[in-house]
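These notes concern the structure reproduced below.
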Amino acid sequence: MTAAVQVRSDYSAGDLRRLARRSNDADQTRRLLALAVILDGGSRSEAARMGGVGLQVIRDWVLRFNEGGPEALRTRKAPGKTPILTDERRAALAAAVEAGPRPYVDGVVRWRLVDLAQWAHEELGVSVSRQTLGRELRAMGFRKLSARPQHYAQDEDAIGAFKKTSATSSPPFVSRTAGRP
């Protein structure tokens, strides 16, 4: 069996308890109090019971504490999945959207998400779903713009005549309950 990793000695058990009292992070408090048990001369098993974890986790906490001090025991945010589109790829996508498609090369006269996904696969070498691409474009400030539909048989003269004959002001509002007790 190997020897236990020694806890750094520049903090006392009292120091760790004071830091735990001031901490707003519940997990950091639990970790500091478990390490305080070790610094008081308790066993690693007692510290594990105090922290509600196993011995391997206590060892990991000691290593983190030795490396970075009390701040290293704070709850860290999980790194998450790396994004498909890097900053360079986002810049290339934005440039392509702003420049518009080239019909003789891209085979389309306007960008759709399907077309942009195909472009990203060919030019950037990444496979991106339409949903992800739409979310990324929206985050970059792009919005879908389309022309207002117009009926093919719409008569401009009829619209002008309708506007001229329409009432410009509505009749005054009369209350139905006016004059009733």
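By convention in this document, the chains of the structure tokens carry letters A, B, ... by their order, each chain's residues are numbered from 1, and ligands are numbered from 1 in the order they are shown.
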Mind checking which residues fall within 7 Å of segment 72-75 of chain A, counting only C-alpha atoms, ignoring those fewer than 6 positions away in the same chain, and posting them as an MDAnalysis selection string?
chainID A and resid 25 27:28 31 61 64:65
Residues within 12 Å of Trp119 of chain A, please, as a list in words. Count only C-alpha atoms; anything in the same chain fewer than 4 positions from it doesn't count.
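Final neighbour list, sorted by chain and number: Arg89, Ala92, Leu93, Ala96, Val97, Gly100, Pro101, Arg102, Val105, Asp106, Gly107, Val108, Trp111, Arg112, Leu113, Val114, Asp115, Glu123, Leu124, Gly125, Val126, Ser127, Val128, Ser129, Arg130 and Leu133 of chain A.
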Write out, as an mmCIF file, in the first residue's frame, the residues just selected, with N, CA and C atoms.
data_model
loop_
_atom_site.group_PDB
_atom_site.id
_atom_site.type_symbol
_atom_site.label_atom_id
_atom_site.label_comp_id
_atom_site.auth_asym_id
_atom_site.auth_seq_id
_atom_site.Cartn_x
_atom_site.Cartn_y
_atom_site.Cartn_z
ATOM 1 N N ARG A 89 -14.291 29.402 -38.236
ATOM 2 C CA ARG A 89 -15.373 28.871 -39.069
ATOM 3 C C ARG A 89 -16.591 29.773 -39.019
ATOM 4 N N ALA A 92 -15.909 32.658 -41.337
ATOM 5 C CA ALA A 92 -16.059 32.248 -42.736
ATOM 6 C C ALA A 92 -17.536 32.109 -43.090
ATOM 7 N N LEU A 93 -18.331 31.561 -42.182
ATOM 8 C CA LEU A 93 -19.770 31.420 -42.417
ATOM 9 C C LEU A 93 -20.431 32.790 -42.539
ATOM 10 N N ALA A 96 -19.620 34.309 -45.867
ATOM 11 C CA ALA A 96 -20.371 33.664 -46.953
ATOM 12 C C ALA A 96 -21.817 34.123 -46.966
ATOM 13 N N VAL A 97 -22.425 34.285 -45.794
ATOM 14 C CA VAL A 97 -23.816 34.732 -45.728
ATOM 15 C C VAL A 97 -23.921 36.175 -46.211
ATOM 16 N N GLY A 100 -23.448 36.393 -49.974
ATOM 17 C CA GLY A 100 -24.525 35.768 -50.732
ATOM 18 C C GLY A 100 -23.992 34.623 -51.577
ATOM 19 N N PRO A 101 -24.891 33.791 -52.053
ATOM 20 C CA PRO A 101 -24.439 32.647 -52.855
ATOM 21 C C PRO A 101 -24.023 33.079 -54.257
ATOM 22 N N ARG A 102 -23.142 32.310 -54.842
ATOM 23 C CA ARG A 102 -22.749 32.512 -56.240
ATOM 24 C C ARG A 102 -23.455 31.412 -57.031
ATOM 25 N N VAL A 105 -21.498 28.722 -58.863
ATOM 26 C CA VAL A 105 -20.669 27.826 -58.061
ATOM 27 C C VAL A 105 -21.513 27.048 -57.044
ATOM 28 N N ASP A 106 -22.356 27.772 -56.304
ATOM 29 C CA ASP A 106 -23.118 27.162 -55.220
ATOM 30 C C ASP A 106 -24.391 26.471 -55.703
ATOM 31 N N GLY A 107 -24.880 26.839 -56.884
ATOM 32 C CA GLY A 107 -26.075 26.207 -57.429
ATOM 33 C C GLY A 107 -27.368 26.714 -56.838
ATOM 34 N N VAL A 108 -27.340 27.797 -56.064
ATOM 35 C CA VAL A 108 -28.548 28.380 -55.486
ATOM 36 C C VAL A 108 -28.521 29.886 -55.681
ATOM 37 N N TRP A 111 -29.558 31.823 -49.973
ATOM 38 C CA TRP A 111 -29.152 30.841 -48.970
ATOM 39 C C TRP A 111 -30.352 30.340 -48.192
ATOM 40 N N ARG A 112 -30.421 29.043 -48.053
ATOM 41 C CA ARG A 112 -31.321 28.405 -47.105
ATOM 42 C C ARG A 112 -30.423 27.653 -46.135
ATOM 43 N N LEU A 113 -30.973 27.238 -45.002
ATOM 44 C CA LEU A 113 -30.155 26.521 -44.028
ATOM 45 C C LEU A 113 -29.602 25.220 -44.606
ATOM 46 N N VAL A 114 -30.384 24.563 -45.437
ATOM 47 C CA VAL A 114 -29.922 23.326 -46.072
ATOM 48 C C VAL A 114 -28.719 23.618 -46.961
ATOM 49 N N ASP A 115 -28.809 24.707 -47.726
ATOM 50 C CA ASP A 115 -27.713 25.078 -48.619
ATOM 51 C C ASP A 115 -26.476 25.478 -47.837
ATOM 52 N N GLU A 123 -16.926 23.462 -47.851
ATOM 53 C CA GLU A 123 -15.884 24.477 -47.686
ATOM 54 C C GLU A 123 -15.135 24.371 -46.355
ATOM 55 N N LEU A 124 -15.872 24.090 -45.286
ATOM 56 C CA LEU A 124 -15.257 24.073 -43.958
ATOM 57 C C LEU A 124 -14.919 22.668 -43.482
ATOM 58 N N GLY A 125 -15.499 21.674 -44.125
ATOM 59 C CA GLY A 125 -15.220 20.297 -43.745
ATOM 60 C C GLY A 125 -15.897 19.854 -42.461
ATOM 61 N N VAL A 126 -17.031 20.483 -42.109
ATOM 62 C CA VAL A 126 -17.767 20.090 -40.906
ATOM 63 C C VAL A 126 -19.188 19.726 -41.285
ATOM 64 N N SER A 127 -19.746 18.796 -40.576
ATOM 65 C CA SER A 127 -21.129 18.400 -40.777
ATOM 66 C C SER A 127 -21.966 19.062 -39.687
ATOM 67 N N VAL A 128 -22.844 19.970 -40.094
ATOM 68 C CA VAL A 128 -23.642 20.755 -39.163
ATOM 69 C C VAL A 128 -25.114 20.569 -39.521
ATOM 70 N N SER A 129 -25.955 20.349 -38.517
ATOM 71 C CA SER A 129 -27.387 20.217 -38.770
ATOM 72 C C SER A 129 -27.997 21.586 -39.049
ATOM 73 N N ARG A 130 -29.175 21.569 -39.660
ATOM 74 C CA ARG A 130 -29.859 22.831 -39.949
ATOM 75 C C ARG A 130 -30.199 23.566 -38.656
ATOM 76 N N LEU A 133 -27.068 25.179 -37.261
ATOM 77 C CA LEU A 133 -26.689 26.294 -38.128
ATOM 78 C C LEU A 133 -27.613 27.490 -37.909
#
Could you give me, as a count of residues only, the residues within 9 Å of Ile58 of chain A, counting only C-alpha atoms and dropping anything in the same chain fewer than 2 positions from it?
16
Select, from A:Gly160, A:Met50, A:Pro103, A:Met140, the residue with the minimum atom-to-atom distance to Ala91 of chain A, counting only C-alpha atoms.
A:Met140
With distances taken over only C-alpha atoms, which of A:Phe162, A:Gln154, A:Val109, A:Leu32 is nearest to Gly69 of chain A?
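Answer, going by the shortest atom-to-atom distance: A:Leu32.
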I need the residues of segment 42-163 of chain A that end up classed as helix (DSSP H, G or I) by DSSP on the backbone, written out as a ChimeraX atom specification.
/A:44-51,55-73,87-99,103-106,113-124,130-139,156-163
Provide the atom CA of Ala13 of chain A to atom CA of Gly68 of chain A distance in Å, to one decimal place.
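Atom-to-atom, atom CA of Ala13 of chain A and atom CA of Gly68 of chain A are spaced 16.8 Å apart.
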Between atom CA of Val7 of chain A and atom CA of Val57 of chain A, distance in Å (one decimal):
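Computing the Euclidean distance for atom CA of Val7 of chain A and atom CA of Val57 of chain A yields 14.0 Å.
When only C-alpha atoms are used to measure the gap to Ala20 of chain A, the shortest distance among A:Ala161, A:Leu137, A:Ala120, A:Leu33 belongs to A:Leu33.
Going from atom CA of Gly134 of chain A to atom CA of Ala147 of chain A covers 19.4 Å.
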Using only C-alpha atoms, can you tell me which of A:Gln131, A:Asn24, A:Ile38, A:Leu19 comes closest to Arg59 of chain A?
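Among A:Gln131, A:Asn24, A:Ile38, A:Leu19, it is A:Ile38 that comes nearest to Arg59 of chain A.
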